[in-house]
file upload-v4.cif (mmCIF, C-alpha atoms and all ligand atoms)
data_upload
loop_
_atom_site.label_atom_id
_atom_site.label_comp_id
_atom_site.auth_asym_id
_atom_site.auth_seq_id
_atom_site.Cartn_x
_atom_site.Cartn_y
_atom_site.Cartn_z
CA MET A 2 135.88 -97.99 -21.17
CA TYR A 3 139.56 -97.73 -20.29
CA THR A 4 140.22 -96.40 -16.76
CA ILE A 5 143.52 -94.79 -15.80
CA GLY A 6 144.45 -94.72 -12.11
CA LEU A 7 146.27 -91.41 -11.73
CA THR A 8 148.45 -91.05 -8.66
CA GLY A 9 151.67 -89.56 -7.34
CA GLY A 10 152.89 -87.62 -4.32
CA ILE A 11 151.73 -84.35 -2.86
CA ALA A 12 152.37 -81.51 -5.35
CA SER A 13 153.86 -83.92 -7.90
CA GLY A 14 151.46 -82.66 -10.57
CA LYS A 15 148.41 -84.97 -10.50
CA SER A 16 145.91 -82.13 -10.94
CA THR A 17 148.04 -80.71 -13.73
CA VAL A 18 148.10 -84.04 -15.59
CA SER A 19 144.44 -84.68 -14.83
CA ALA A 20 143.53 -81.35 -16.47
CA MET A 21 145.56 -82.34 -19.55
CA LEU A 22 143.72 -85.67 -19.74
CA ALA A 23 140.37 -83.88 -19.40
CA GLN A 24 141.34 -81.67 -22.35
CA LEU A 25 142.02 -84.81 -24.37
CA GLY A 26 138.49 -86.01 -23.60
CA ALA A 27 138.81 -88.19 -20.50
CA VAL A 28 136.12 -88.16 -17.81
CA ILE A 29 137.73 -87.33 -14.46
CA VAL A 30 136.62 -88.97 -11.20
CA ASP A 31 138.34 -87.04 -8.42
CA THR A 32 138.57 -89.01 -5.16
CA ASP A 33 139.67 -85.94 -3.15
CA LYS A 34 136.46 -84.19 -4.18
CA ILE A 35 134.42 -87.30 -3.37
CA ALA A 36 136.16 -87.53 0.03
CA ARG A 37 134.90 -84.04 0.85
CA GLU A 38 131.36 -84.70 -0.42
CA ILE A 39 130.80 -87.94 1.51
CA VAL A 40 131.43 -86.22 4.86
CA GLU A 41 128.97 -83.39 4.34
CA PRO A 42 126.48 -83.10 7.22
CA GLY A 43 123.89 -85.87 7.20
CA GLN A 44 125.69 -88.12 4.70
CA PRO A 45 126.13 -91.77 5.81
CA ALA A 46 129.93 -91.41 6.22
CA TRP A 47 129.39 -88.27 8.30
CA GLN A 48 126.94 -90.19 10.51
CA ASP A 49 129.46 -93.01 11.01
CA ILE A 50 132.22 -90.52 11.88
CA VAL A 51 130.04 -88.74 14.44
CA ALA A 52 129.08 -92.12 15.94
CA ALA A 53 132.75 -93.14 16.20
CA PHE A 54 134.38 -89.84 17.22
CA GLY A 55 131.53 -88.10 19.05
CA GLU A 56 129.84 -84.77 18.48
CA GLY A 57 133.01 -83.07 19.71
CA CYS A 58 134.38 -83.48 16.19
CA LEU A 59 131.72 -81.11 14.79
CA LEU A 60 131.73 -77.38 14.23
CA PRO A 61 128.62 -75.29 14.84
CA GLY A 62 126.42 -76.02 11.81
CA GLY A 63 127.31 -79.69 11.80
CA TYR A 64 130.38 -79.60 9.55
CA LEU A 65 133.29 -81.79 10.53
CA ASN A 66 136.06 -79.98 12.37
CA ARG A 67 138.77 -80.97 9.89
CA LYS A 68 141.54 -79.27 11.84
CA MET A 69 140.64 -81.15 15.03
CA LEU A 70 140.25 -84.48 13.23
CA GLY A 71 143.47 -83.87 11.31
CA ASP A 72 145.43 -83.24 14.51
CA LEU A 73 143.84 -86.27 16.16
CA ILE A 74 144.70 -88.75 13.42
CA PHE A 75 148.17 -87.26 12.97
CA SER A 76 149.03 -88.16 16.56
CA ASP A 77 147.09 -91.46 16.88
CA LYS A 78 147.53 -94.26 14.34
CA ASN A 79 144.49 -96.20 15.57
CA LYS A 80 142.25 -93.18 15.11
CA ARG A 81 143.67 -92.71 11.60
CA ARG A 82 142.89 -96.35 10.81
CA LEU A 83 139.37 -95.96 12.17
CA LEU A 84 138.70 -92.86 10.07
CA ASP A 85 140.12 -94.57 6.97
CA GLU A 86 138.03 -97.69 7.62
CA ILE A 87 134.91 -95.53 7.75
CA THR A 88 135.60 -93.29 4.75
CA HIS A 89 137.42 -95.47 2.21
CA PRO A 90 134.50 -97.81 1.39
CA TYR A 91 132.21 -94.81 0.82
CA ILE A 92 134.82 -93.13 -1.40
CA GLN A 93 135.35 -96.36 -3.34
CA ASN A 94 131.61 -96.95 -3.88
CA THR A 95 130.96 -93.38 -4.96
CA ALA A 96 133.95 -93.41 -7.33
CA GLN A 97 132.83 -96.74 -8.81
CA GLN A 98 129.32 -95.37 -9.35
CA ALA A 99 130.79 -92.35 -11.15
CA LEU A 100 132.92 -94.62 -13.35
CA ASP A 101 129.91 -96.83 -14.13
CA ALA A 102 127.85 -93.75 -15.03
CA ALA A 103 130.63 -92.48 -17.31
CA GLU A 104 130.74 -95.85 -19.07
CA ARG A 105 126.95 -95.90 -19.52
CA GLN A 106 127.17 -92.43 -21.05
CA GLY A 107 129.67 -93.70 -23.60
CA ALA A 108 132.99 -92.43 -22.22
CA LYS A 109 135.97 -94.12 -23.84
CA VAL A 110 138.55 -93.15 -21.20
CA ALA A 111 138.10 -92.26 -17.54
CA VAL A 112 140.64 -91.15 -14.97
CA LEU A 113 140.41 -92.22 -11.34
CA ASP A 114 142.39 -89.38 -9.79
CA ALA A 115 143.46 -90.93 -6.49
CA PRO A 116 146.46 -89.73 -4.48
CA LEU A 117 146.12 -92.85 -2.28
CA LEU A 118 145.41 -95.33 -5.09
CA ILE A 119 148.31 -97.62 -4.17
CA GLU A 120 148.14 -97.23 -0.38
CA VAL A 121 144.43 -98.14 -0.34
CA GLY A 122 144.74 -100.81 -3.04
CA TRP A 123 142.37 -99.41 -5.64
CA GLN A 124 144.46 -100.71 -8.55
CA PHE A 125 141.77 -103.33 -9.19
CA MET A 126 139.43 -100.50 -10.28
CA VAL A 127 141.69 -99.42 -13.16
CA GLN A 128 143.36 -100.79 -16.26
CA ALA A 129 146.65 -98.94 -15.77
CA VAL A 130 148.41 -97.02 -13.01
CA TRP A 131 149.96 -93.71 -14.07
CA VAL A 132 152.37 -92.16 -11.57
CA VAL A 133 153.20 -88.46 -11.87
CA TYR A 134 156.78 -88.12 -10.75
CA VAL A 135 159.00 -85.21 -9.69
CA ASP A 136 162.39 -85.15 -7.99
CA ALA A 137 162.36 -84.58 -4.23
CA GLN A 138 163.84 -81.09 -4.53
CA LYS A 139 161.26 -79.95 -7.07
CA GLN A 140 158.45 -81.47 -5.05
CA VAL A 141 159.54 -79.46 -1.99
CA SER A 142 159.93 -76.19 -3.88
CA ARG A 143 156.61 -76.50 -5.76
CA LEU A 144 154.80 -77.41 -2.54
CA MET A 145 156.36 -74.47 -0.64
CA GLN A 146 155.42 -72.09 -3.43
CA ARG A 147 151.87 -73.39 -3.97
CA ASP A 148 150.86 -73.68 -0.30
CA LYS A 149 153.01 -70.77 0.99
CA ILE A 150 154.67 -72.95 3.62
CA SER A 151 158.20 -73.32 4.96
CA CYS A 152 160.70 -75.93 3.82
CA SER A 153 160.32 -77.92 7.04
CA GLN A 154 156.51 -77.90 6.77
CA ALA A 155 156.80 -79.14 3.19
CA LEU A 156 159.22 -81.88 4.23
CA ASP A 157 156.84 -82.94 7.05
CA ARG A 158 153.92 -83.26 4.62
CA ILE A 159 155.98 -85.18 2.09
CA GLY A 160 157.46 -87.39 4.82
CA SER A 161 154.01 -88.41 6.09
CA GLN A 162 153.21 -90.03 2.72
CA MET A 163 154.42 -93.17 0.95
CA SER A 164 157.57 -92.18 -0.92
CA LEU A 165 157.08 -91.20 -4.53
CA ARG A 166 160.04 -93.40 -5.46
CA ASP A 167 158.28 -96.45 -3.97
CA LYS A 168 155.16 -95.63 -6.00
CA LEU A 169 157.17 -95.87 -9.21
CA SER A 170 157.42 -99.63 -8.84
CA TYR A 171 153.60 -99.85 -9.22
CA ALA A 172 153.50 -97.69 -12.34
CA ASP A 173 152.45 -98.88 -15.77
CA VAL A 174 153.13 -95.37 -17.04
CA VAL A 175 155.41 -92.76 -15.44
CA ILE A 176 154.82 -89.12 -16.32
CA ASP A 177 158.01 -87.21 -15.55
CA ASN A 178 156.84 -83.76 -14.43
CA ASN A 179 160.27 -82.30 -13.69
CA LYS A 180 160.48 -80.11 -16.74
CA GLU A 181 158.26 -77.43 -18.22
CA LEU A 182 154.54 -78.09 -18.74
CA ALA A 183 154.96 -78.55 -22.49
CA ALA A 184 157.27 -81.52 -21.86
CA THR A 185 154.71 -83.06 -19.50
CA ARG A 186 151.91 -82.50 -21.99
CA GLN A 187 153.95 -84.23 -24.68
CA GLN A 188 154.31 -87.36 -22.52
CA VAL A 189 150.60 -87.32 -21.68
CA ILE A 190 149.70 -87.14 -25.37
CA ILE A 191 152.03 -90.04 -26.23
CA ALA A 192 150.62 -92.22 -23.43
CA TRP A 193 147.08 -91.23 -24.51
CA GLN A 194 147.81 -92.28 -28.08
CA GLY A 195 149.10 -95.59 -26.66
CA ILE A 196 145.66 -96.25 -25.16
CA ALA A 197 143.89 -95.51 -28.44
CA ALA A 198 146.31 -97.78 -30.32
CA ASN A 199 145.61 -100.68 -27.96
CA GLN A 200 141.81 -100.40 -27.89
P1 LIG A 301 148.20 -82.31 -4.47
O1 LIG A 301 148.34 -83.77 -4.32
O2 LIG A 301 148.86 -81.60 -3.35
O3 LIG A 301 146.81 -81.84 -4.74
P2 LIG A 301 149.10 -82.35 -7.24
O4 LIG A 301 149.90 -83.59 -7.35
O5 LIG A 301 147.73 -82.34 -7.81
O6 LIG A 301 149.10 -81.82 -5.76
P3 LIG A 301 149.58 -79.95 -8.78
O7 LIG A 301 148.66 -79.09 -7.94
O8 LIG A 301 149.14 -80.33 -10.15
O9 LIG A 301 150.01 -81.22 -7.94
O10 LIG A 301 151.01 -79.25 -8.92
C1 LIG A 301 151.69 -78.74 -7.77
C2 LIG A 301 152.18 -77.32 -8.05
O11 LIG A 301 153.22 -77.38 -9.01
C3 LIG A 301 151.12 -76.41 -8.62
O12 LIG A 301 151.33 -75.11 -8.12
C4 LIG A 301 151.38 -76.46 -10.13
O13 LIG A 301 150.97 -75.27 -10.77
C5 LIG A 301 152.90 -76.62 -10.17
N1 LIG A 301 153.36 -77.41 -11.31
C6 LIG A 301 152.89 -78.59 -11.72
N2 LIG A 301 153.57 -79.05 -12.78
C7 LIG A 301 154.51 -78.11 -13.06
C8 LIG A 301 155.54 -78.00 -14.07
N3 LIG A 301 155.77 -78.96 -14.98
N4 LIG A 301 156.32 -76.89 -14.04
C9 LIG A 301 156.11 -75.93 -13.12
N5 LIG A 301 155.17 -75.97 -12.15
C10 LIG A 301 154.38 -77.05 -12.12
#

call {"tool": "encode", "arguments": {"input": "upload-v4.cif", "output": "structure tokens"}}
result
Amino acid sequence: MYTIGLTGGIASGKSTVSAMLAQLGAVIVDTDKIAREIVEPGQPAWQDIVAAFGEGCLLPGGYLNRKMLGDLIFSDKNKRRLLDEITHPYIQNTAQQALDAAERQGAKVAVLDAPLLIEVGWQFMVQAVWVVYVDAQKQVSRLMQRDKISCSQALDRIGSQMSLRDKLSYADVVIDNNKELAATRQQVIIAWQGIAANQ
């Protein structure tokens, strides 16, 4: 099985490209979805978080208080590191299990959809890194429109991440998502055909 590591910046178009790859027949392993599942009440990662951060990080019903945790790690780097150290191994293991299951079921191509692929160092899990790229201006305007936020809020969110330009240097394939969707789809199809040709 050939595994693509799909990454990019916030609102650069990862989900859009991931949906195109799914249409072409790829199995998608979504690390954002896994990140939400592993912290559901009672899960091992949830238990570790409660042990590290205390029951004060829970809402009635046992769900994590994401807003509180988000504010906490935004203002305290050590707390962010601690939360990452707890969650990343669980996300990695669960994603690897999903990839292994896809391979056992005969999938030819899988996509590890991972916004933090490069920051966390999950390149070893994939055969090629695909970066979905947009210009800074477009990234801001699409983010503002999608999340109904102001320009300064969008800039804050973008600024808290590794720059999309820096991610380009890790890319085996760059999908330029600046133009209309048809132009993006065309690039995805060409890159997809490149995989088939090399297998
Ligand atoms: P996040 O990391 O925040 O989940 P993402 O990288 O998955 O974002 P998308 O949700 O795919 O990004 O795209 C961001 C927004 O831009 C969405 O509203 C999407 O519909 C829109 N969008 C994506 N690609 C294009 C395009 N080529 N032309 C116009 N709009 C686009």

call {"tool": "residues_around", "arguments": {"input": "upload-v4.cif", "residues": "A:Val175", "least_positions_apart": "2", "cutoff": "12 Å", "atoms": "only C-alpha atoms", "output": "ChimeraX atom specification"}}
result
/A:6-9,13-15,18,129-135,165-166,168-173,177-179,185,188-189,191-192

call {"tool": "axis_aligned_box", "arguments": {"input": "upload-v4.cif", "around": "ligand LIG 301 (chain A)", "padding_each_side": "3 Å", "output": "AutoDock Vina command-line options"}}
result
--center_x 151.6 --center_y -79.4 --center_z -9.2 --size_x 15.5 --size_y 14.7 --size_z 17.6

call {"tool": "closest_residue", "arguments": {"input": "upload-v4.cif", "among": "A:Ala12, A:Leu60, A:Val112, A:Leu118", "to": "ligand LIG 301 (chain A)", "atoms": "only C-alpha atoms and all ligand atoms"}}
result
A:Ala12

call {"tool": "closest_residue", "arguments": {"input": "upload-v4.cif", "among": "A:Gly122, A:Pro116, A:Gly63, A:Gly160", "to": "ligand LIG 301 (chain A)", "atoms": "only C-alpha atoms and all ligand atoms"}}
result
A:Pro116

call {"tool": "atom_distance", "arguments": {"input": "upload-v4.cif", "atom1": "atom O6 of ligand LIG 301 (chain A)", "atom2": "atom CA of A:Asn199"}}
result
29.3 Å

call {"tool": "closest_residue", "arguments": {"input": "upload-v4.cif", "among": "A:Ile150, A:Met2, A:Met145, A:Val28", "to": "ligand LIG 301 (chain A)", "atoms": "all atoms listed in the file"}}
result
A:Met145

call {"tool": "closest_residue", "arguments": {"input": "upload-v4.cif", "among": "A:Gln200, A:Gln140, A:Asn66, A:Asn94", "to": "ligand LIG 301 (chain A)", "atoms": "all atoms listed in the file"}}
result
A:Gln140

call {"tool": "closest_residue", "arguments": {"input": "upload-v4.cif", "among": "A:Val141, A:Ile87, A:Ile92, A:Ala111", "to": "A:Gln154", "atoms": "only C-alpha atoms"}}
result
A:Val141

call {"tool": "closest_residue", "arguments": {"input": "upload-v4.cif", "among": "A:Arg82, A:Arg37, A:Arg147, A:Arg186", "to": "ligand LIG 301 (chain A)", "atoms": "all atoms listed in the file"}}
result
A:Arg147

call {"tool": "atom_distance", "arguments": {"input": "upload-v4.cif", "atom1": "atom CA of A:Ser153", "atom2": "atom CA of A:Ile11"}}
result
14.6 Å

call {"tool": "atom_distance", "arguments": {"input": "upload-v4.cif", "atom1": "atom CA of A:Phe75", "atom2": "atom CA of A:Ser161"}}
result
9.1 Å

call {"tool": "build_atoms", "arguments": {"input": "upload-v4.cif", "residues": "stretch 44-72 of chain A", "atoms": "N, CA and C atoms", "output": "mmCIF file, in the frame of the given file"}}
result
data_model
loop_
_atom_site.group_PDB
_atom_site.id
_atom_site.type_symbol
_atom_site.label_atom_id
_atom_site.label_comp_id
_atom_site.auth_asym_id
_atom_site.auth_seq_id
_atom_site.Cartn_x
_atom_site.Cartn_y
_atom_site.Cartn_z
ATOM 1 N N GLN A 44 125.326 -86.999 5.578
ATOM 2 C CA GLN A 44 125.690 -88.120 4.700
ATOM 3 C C GLN A 44 126.030 -89.346 5.567
ATOM 4 N N PRO A 45 125.865 -90.561 5.000
ATOM 5 C CA PRO A 45 126.130 -91.770 5.810
ATOM 6 C C PRO A 45 127.543 -91.799 6.424
ATOM 7 N N ALA A 46 128.565 -91.379 5.667
ATOM 8 C CA ALA A 46 129.930 -91.410 6.220
ATOM 9 C C ALA A 46 130.048 -90.422 7.386
ATOM 10 N N TRP A 47 129.395 -89.266 7.231
ATOM 11 C CA TRP A 47 129.390 -88.270 8.300
ATOM 12 C C TRP A 47 128.740 -88.872 9.555
ATOM 13 N N GLN A 48 127.630 -89.584 9.362
ATOM 14 C CA GLN A 48 126.940 -90.190 10.510
ATOM 15 C C GLN A 48 127.853 -91.198 11.212
ATOM 16 N N ASP A 49 128.565 -92.006 10.409
ATOM 17 C CA ASP A 49 129.460 -93.010 11.010
ATOM 18 C C ASP A 49 130.603 -92.334 11.772
ATOM 19 N N ILE A 50 131.106 -91.227 11.221
ATOM 20 C CA ILE A 50 132.220 -90.520 11.880
ATOM 21 C C ILE A 50 131.746 -89.930 13.220
ATOM 22 N N VAL A 51 130.556 -89.334 13.197
ATOM 23 C CA VAL A 51 130.040 -88.740 14.440
ATOM 24 C C VAL A 51 129.803 -89.848 15.477
ATOM 25 N N ALA A 52 129.311 -91.010 15.003
ATOM 26 C CA ALA A 52 129.080 -92.120 15.940
ATOM 27 C C ALA A 52 130.405 -92.604 16.533
ATOM 28 N N ALA A 53 131.462 -92.610 15.730
ATOM 29 C CA ALA A 53 132.750 -93.140 16.200
ATOM 30 C C ALA A 53 133.546 -92.124 17.009
ATOM 31 N N PHE A 54 133.509 -90.849 16.597
ATOM 32 C CA PHE A 54 134.380 -89.840 17.220
ATOM 33 C C PHE A 54 133.636 -88.888 18.157
ATOM 34 N N GLY A 55 132.313 -88.956 18.154
ATOM 35 C CA GLY A 55 131.530 -88.100 19.050
ATOM 36 C C GLY A 55 131.246 -86.744 18.437
ATOM 37 N N GLU A 56 130.256 -86.065 19.040
ATOM 38 C CA GLU A 56 129.840 -84.770 18.480
ATOM 39 C C GLU A 56 130.895 -83.687 18.692
ATOM 40 N N GLY A 57 131.899 -84.005 19.501
ATOM 41 C CA GLY A 57 133.010 -83.070 19.710
ATOM 42 C C GLY A 57 133.803 -82.818 18.442
ATOM 43 N N CYS A 58 133.622 -83.678 17.441
ATOM 44 C CA CYS A 58 134.380 -83.480 16.190
ATOM 45 C C CYS A 58 133.621 -82.577 15.214
ATOM 46 N N LEU A 59 132.517 -81.963 15.699
ATOM 47 C CA LEU A 59 131.720 -81.110 14.790
ATOM 48 C C LEU A 59 131.890 -79.632 15.108
ATOM 49 N N LEU A 60 131.764 -78.832 14.069
ATOM 50 C CA LEU A 60 131.730 -77.380 14.230
ATOM 51 C C LEU A 60 130.265 -76.964 14.357
ATOM 52 N N PRO A 61 130.002 -75.750 14.855
ATOM 53 C CA PRO A 61 128.620 -75.290 14.840
ATOM 54 C C PRO A 61 128.111 -75.355 13.393
ATOM 55 N N GLY A 62 126.915 -75.862 13.185
ATOM 56 C CA GLY A 62 126.420 -76.020 11.810
ATOM 57 C C GLY A 62 126.549 -77.460 11.337
ATOM 58 N N GLY A 63 127.270 -78.260 12.104
ATOM 59 C CA GLY A 63 127.310 -79.690 11.800
ATOM 60 C C GLY A 63 128.450 -80.139 10.898
ATOM 61 N N TYR A 64 129.241 -79.189 10.403
ATOM 62 C CA TYR A 64 130.380 -79.600 9.550
ATOM 63 C C TYR A 64 131.460 -80.234 10.405
ATOM 64 N N LEU A 65 132.203 -81.176 9.791
ATOM 65 C CA LEU A 65 133.290 -81.790 10.530
ATOM 66 C C LEU A 65 134.367 -80.755 10.824
ATOM 67 N N ASN A 66 134.926 -80.832 12.013
ATOM 68 C CA ASN A 66 136.060 -79.980 12.370
ATOM 69 C C ASN A 66 137.325 -80.649 11.823
ATOM 70 N N ARG A 67 137.667 -80.296 10.586
ATOM 71 C CA ARG A 67 138.770 -80.970 9.890
ATOM 72 C C ARG A 67 140.098 -80.773 10.605
ATOM 73 N N LYS A 68 140.275 -79.579 11.154
ATOM 74 C CA LYS A 68 141.540 -79.270 11.840
ATOM 75 C C LYS A 68 141.690 -80.201 13.048
ATOM 76 N N MET A 69 140.592 -80.306 13.838
ATOM 77 C CA MET A 69 140.640 -81.150 15.030
ATOM 78 C C MET A 69 140.861 -82.609 14.653
ATOM 79 N N LEU A 70 140.107 -83.085 13.657
ATOM 80 C CA LEU A 70 140.250 -84.480 13.230
ATOM 81 C C LEU A 70 141.647 -84.736 12.653
ATOM 82 N N GLY A 71 142.137 -83.755 11.906
ATOM 83 C CA GLY A 71 143.470 -83.870 11.310
ATOM 84 C C GLY A 71 144.534 -84.021 12.377
ATOM 85 N N ASP A 72 144.451 -83.171 13.422
ATOM 86 C CA ASP A 72 145.430 -83.240 14.510
ATOM 87 C C ASP A 72 145.322 -84.581 15.235
#
